[in-house]
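Visitor: Have a look at this one before I ask anything.
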Amino acid sequence: VYVESENRYYYVAFQRDITDQKYKDEKLKAIDVELQLLSTPIVPIVDHVFALPIVGIVNEERLQHIFDDVTEAVYSSNIETLILDLSGLHNLSEEIIKGLFTLHELLELLGSELIITGISEELADKTKMIDLDLNDFQTFATIKEAITYKQSTEKIE
């Protein structure tokens with residue numbers, strides 16, 4: 001502020017303590033890291049068979065986490081079969097659906113197989129609209145059915 005009678009400038013400043021805000025920001029970052037870890041739980045079921053239940057909404061960032069985590073798990077845990085359970089999915093865009101089904105190709109390249117469970121009627125309709133053929137995939141209604149099938153085929157072989 002300029003005071004003409006004094007021919008001087010004065011500065012006015014306000015300070016506020018942001019310690020609480022910084023603490024909250026750090027806590028939020030820690031929660032975000034934890035959520036990312038929980039967003040792709042790759043669970044061992046039986047020898048070399050793992051399940052990945054997808055719950056909630058999948059966006060591009062989460063899809064990338066899924067690809068990264070699956071790739072890492074295939075290498076570190078010797079996954080031969082991954083059961084992708086889609087029964088908990090909500091509001092999928094066409095691009096995300098295509099991305100999830102691209103996981104099949106990724107696993108083939110890595111020498112593993114993909115089984116898909118929990119495909120809702122809405123998801124099946126969306127796959128038809130974008131020309132994805134579910135007959136190209138091994139699908140089951142539940143993870144239990146997929147495991148039962150997998151165990152019965154391994155005994156025969």
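The way I read the labels, and the way they are meant: chains A, B, ... in the order of the structure tokens, residue 1 as the first residue of every chain, and ligand 1 as the first ligand shown, with later ones counted on from there.
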What parts of chain A does DSSP call strand (DSSP E)? I'd like the answer as a ChimeraX atom specification.
Guide: /A:2-3,8-9,43-46,49-56,81-89,113-117,138-140
Visitor: Would you list, as a ChimeraX atom specification, the residues of region 7-122 of chain A that end up in helix (DSSP H, G or I) under DSSP run on this structure's backbone?
Guide: /A:19-38,60-77,94-109,121-122
Visitor: Just the selected residues (C-alpha atoms), exported as a compact mmCIF listing (two decimals), in the first residue's frame, please.
Guide:
# COMPACT_ATOMS: atom_id res chain seq x y z
CA THR A 19 0.50 -27.53 9.73
CA ASP A 20 -2.88 -29.27 9.99
CA GLN A 21 -3.42 -29.06 6.23
CA LYS A 22 0.04 -30.54 5.55
CA TYR A 23 -0.67 -33.35 8.00
CA LYS A 24 -4.00 -34.08 6.30
CA ASP A 25 -2.34 -34.06 2.87
CA GLU A 26 0.30 -36.57 4.00
CA LYS A 27 -2.36 -38.78 5.54
CA LEU A 28 -4.41 -38.62 2.32
CA LYS A 29 -1.35 -39.66 0.29
CA ALA A 30 -0.79 -42.64 2.60
CA ILE A 31 -4.44 -43.66 2.23
CA ASP A 32 -4.17 -43.34 -1.56
CA VAL A 33 -1.14 -45.66 -1.60
CA GLU A 34 -3.05 -48.18 0.54
CA LEU A 35 -6.08 -47.98 -1.77
CA GLN A 36 -3.89 -48.66 -4.78
CA LEU A 37 -2.54 -51.77 -3.09
CA LEU A 38 -6.06 -52.94 -2.24
CA GLU A 60 -7.56 -45.67 -16.90
CA GLU A 61 -5.21 -45.18 -13.95
CA ARG A 62 -6.59 -48.20 -12.11
CA LEU A 63 -6.50 -50.26 -15.32
CA GLN A 64 -2.80 -49.45 -15.66
CA HIS A 65 -2.28 -50.56 -12.01
CA ILE A 66 -4.06 -53.83 -12.82
CA PHE A 67 -1.77 -54.47 -15.80
CA ASP A 68 1.35 -53.59 -13.80
CA ASP A 69 0.36 -55.69 -10.78
CA VAL A 70 -0.67 -58.69 -12.88
CA THR A 71 2.57 -58.59 -14.85
CA GLU A 72 4.61 -58.42 -11.63
CA ALA A 73 2.57 -61.21 -10.01
CA VAL A 74 2.93 -63.53 -13.01
CA TYR A 75 6.71 -63.18 -12.83
CA SER A 76 7.08 -63.35 -9.06
CA SER A 77 4.41 -65.95 -8.20
CA GLU A 94 -15.98 -49.23 -23.63
CA GLU A 95 -12.27 -48.43 -23.40
CA ILE A 96 -11.98 -49.97 -19.95
CA ILE A 97 -13.84 -53.10 -21.08
CA LYS A 98 -11.45 -53.44 -24.02
CA GLY A 99 -8.54 -52.91 -21.64
CA LEU A 100 -9.68 -55.62 -19.25
CA PHE A 101 -10.09 -58.05 -22.10
CA THR A 102 -6.64 -57.11 -23.40
CA LEU A 103 -5.40 -58.67 -20.19
CA HIS A 104 -6.10 -62.00 -21.90
CA GLU A 105 -3.51 -61.21 -24.58
CA LEU A 106 -0.99 -60.02 -21.99
CA LEU A 107 -1.31 -63.24 -20.01
CA GLU A 108 -0.95 -65.33 -23.16
CA LEU A 109 2.31 -63.52 -23.94
CA GLU A 121 -25.84 -59.10 -18.19
CA GLU A 122 -24.99 -55.42 -18.62
Visitor: For region 51-53 of chain A, find every residue with an atom within 6 Å (counting only C-alpha atoms), except residues of its own chain fewer than 2 positions away, and show them as a ChimeraX atom specification.
Guide: /A:41-43,82-85
Visitor: Would you save the residues from that selection as an mmCIF file, in the first residue's frame, using N, CA, C and O atoms?
Guide:
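To be explicit, this is the file written out as selection-v9.cif:
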data_model
loop_
_atom_site.group_PDB
_atom_site.id
_atom_site.type_symbol
_atom_site.label_atom_id
_atom_site.label_comp_id
_atom_site.auth_asym_id
_atom_site.auth_seq_id
_atom_site.Cartn_x
_atom_site.Cartn_y
_atom_site.Cartn_z
ATOM 1 N N PRO A 41 -6.107 -56.868 -5.570
ATOM 2 C CA PRO A 41 -5.659 -57.977 -4.725
ATOM 3 C C PRO A 41 -5.576 -59.275 -5.540
ATOM 4 O O PRO A 41 -6.581 -59.820 -5.970
ATOM 5 N N ILE A 42 -4.372 -59.730 -5.782
ATOM 6 C CA ILE A 42 -4.174 -60.980 -6.513
ATOM 7 C C ILE A 42 -4.007 -62.076 -5.465
ATOM 8 O O ILE A 42 -3.006 -62.137 -4.771
ATOM 9 N N VAL A 43 -5.036 -62.927 -5.363
ATOM 10 C CA VAL A 43 -5.155 -63.862 -4.255
ATOM 11 C C VAL A 43 -4.838 -65.279 -4.721
ATOM 12 O O VAL A 43 -5.435 -65.773 -5.684
ATOM 13 N N LEU A 82 -4.984 -67.160 -14.105
ATOM 14 C CA LEU A 82 -5.528 -66.029 -13.359
ATOM 15 C C LEU A 82 -7.026 -65.990 -13.604
ATOM 16 O O LEU A 82 -7.475 -65.956 -14.753
ATOM 17 N N ILE A 83 -7.776 -66.020 -12.522
ATOM 18 C CA ILE A 83 -9.238 -65.911 -12.607
ATOM 19 C C ILE A 83 -9.591 -64.452 -12.355
ATOM 20 O O ILE A 83 -9.370 -63.933 -11.259
ATOM 21 N N LEU A 84 -10.107 -63.801 -13.372
ATOM 22 C CA LEU A 84 -10.504 -62.395 -13.274
ATOM 23 C C LEU A 84 -11.991 -62.349 -12.965
ATOM 24 O O LEU A 84 -12.818 -62.710 -13.799
ATOM 25 N N ASP A 85 -12.320 -61.939 -11.735
ATOM 26 C CA ASP A 85 -13.726 -61.899 -11.316
ATOM 27 C C ASP A 85 -14.266 -60.486 -11.493
ATOM 28 O O ASP A 85 -13.801 -59.540 -10.866
#
Visitor: Give me the residues within 12 Å of Ala13 (chain A) as a PyMOL selection string, counting only C-alpha atoms and dropping any in the same chain fewer than 3 places off.
Guide: chain A and resi 1+10+16
Visitor: Print the selection's residues with C-alpha atoms to a file, as a PDB file, in the first residue's frame.
Guide:
ATOM      1  CA  VAL A   1       0.000   0.000   0.000  1.00  0.00           C
ATOM      2  CA  TYR A  10       3.825  -0.646   3.082  1.00  0.00           C
ATOM      3  CA  ARG A  16      -1.885 -18.765   8.774  1.00  0.00           C
TER       4      ARG A  16
END
Visitor: Got a sec: who's within 8 Å of Leu86 (chain A), counting only C-alpha atoms, leaving out chain neighbours fewer than 6 positions off, as number ranges by chain?
Guide: A: 53-55, 116-120
Visitor: Between A:Ser87, A:Glu80, A:Pro44, A:Asn59, which one has atoms that come closest to Ala124 (chain A), using only C-alpha atoms?
Guide: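 Smallest distance to Ala124 (chain A) is found for A:Ser87.
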Visitor: For CA of Ile115 (chain A) and CA of Ser152 (chain A), quote the distance in Å rounded to one decimal.
Guide: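 Pair CA of Ile115 (chain A) / CA of Ser152 (chain A) returns 14.8 Å.
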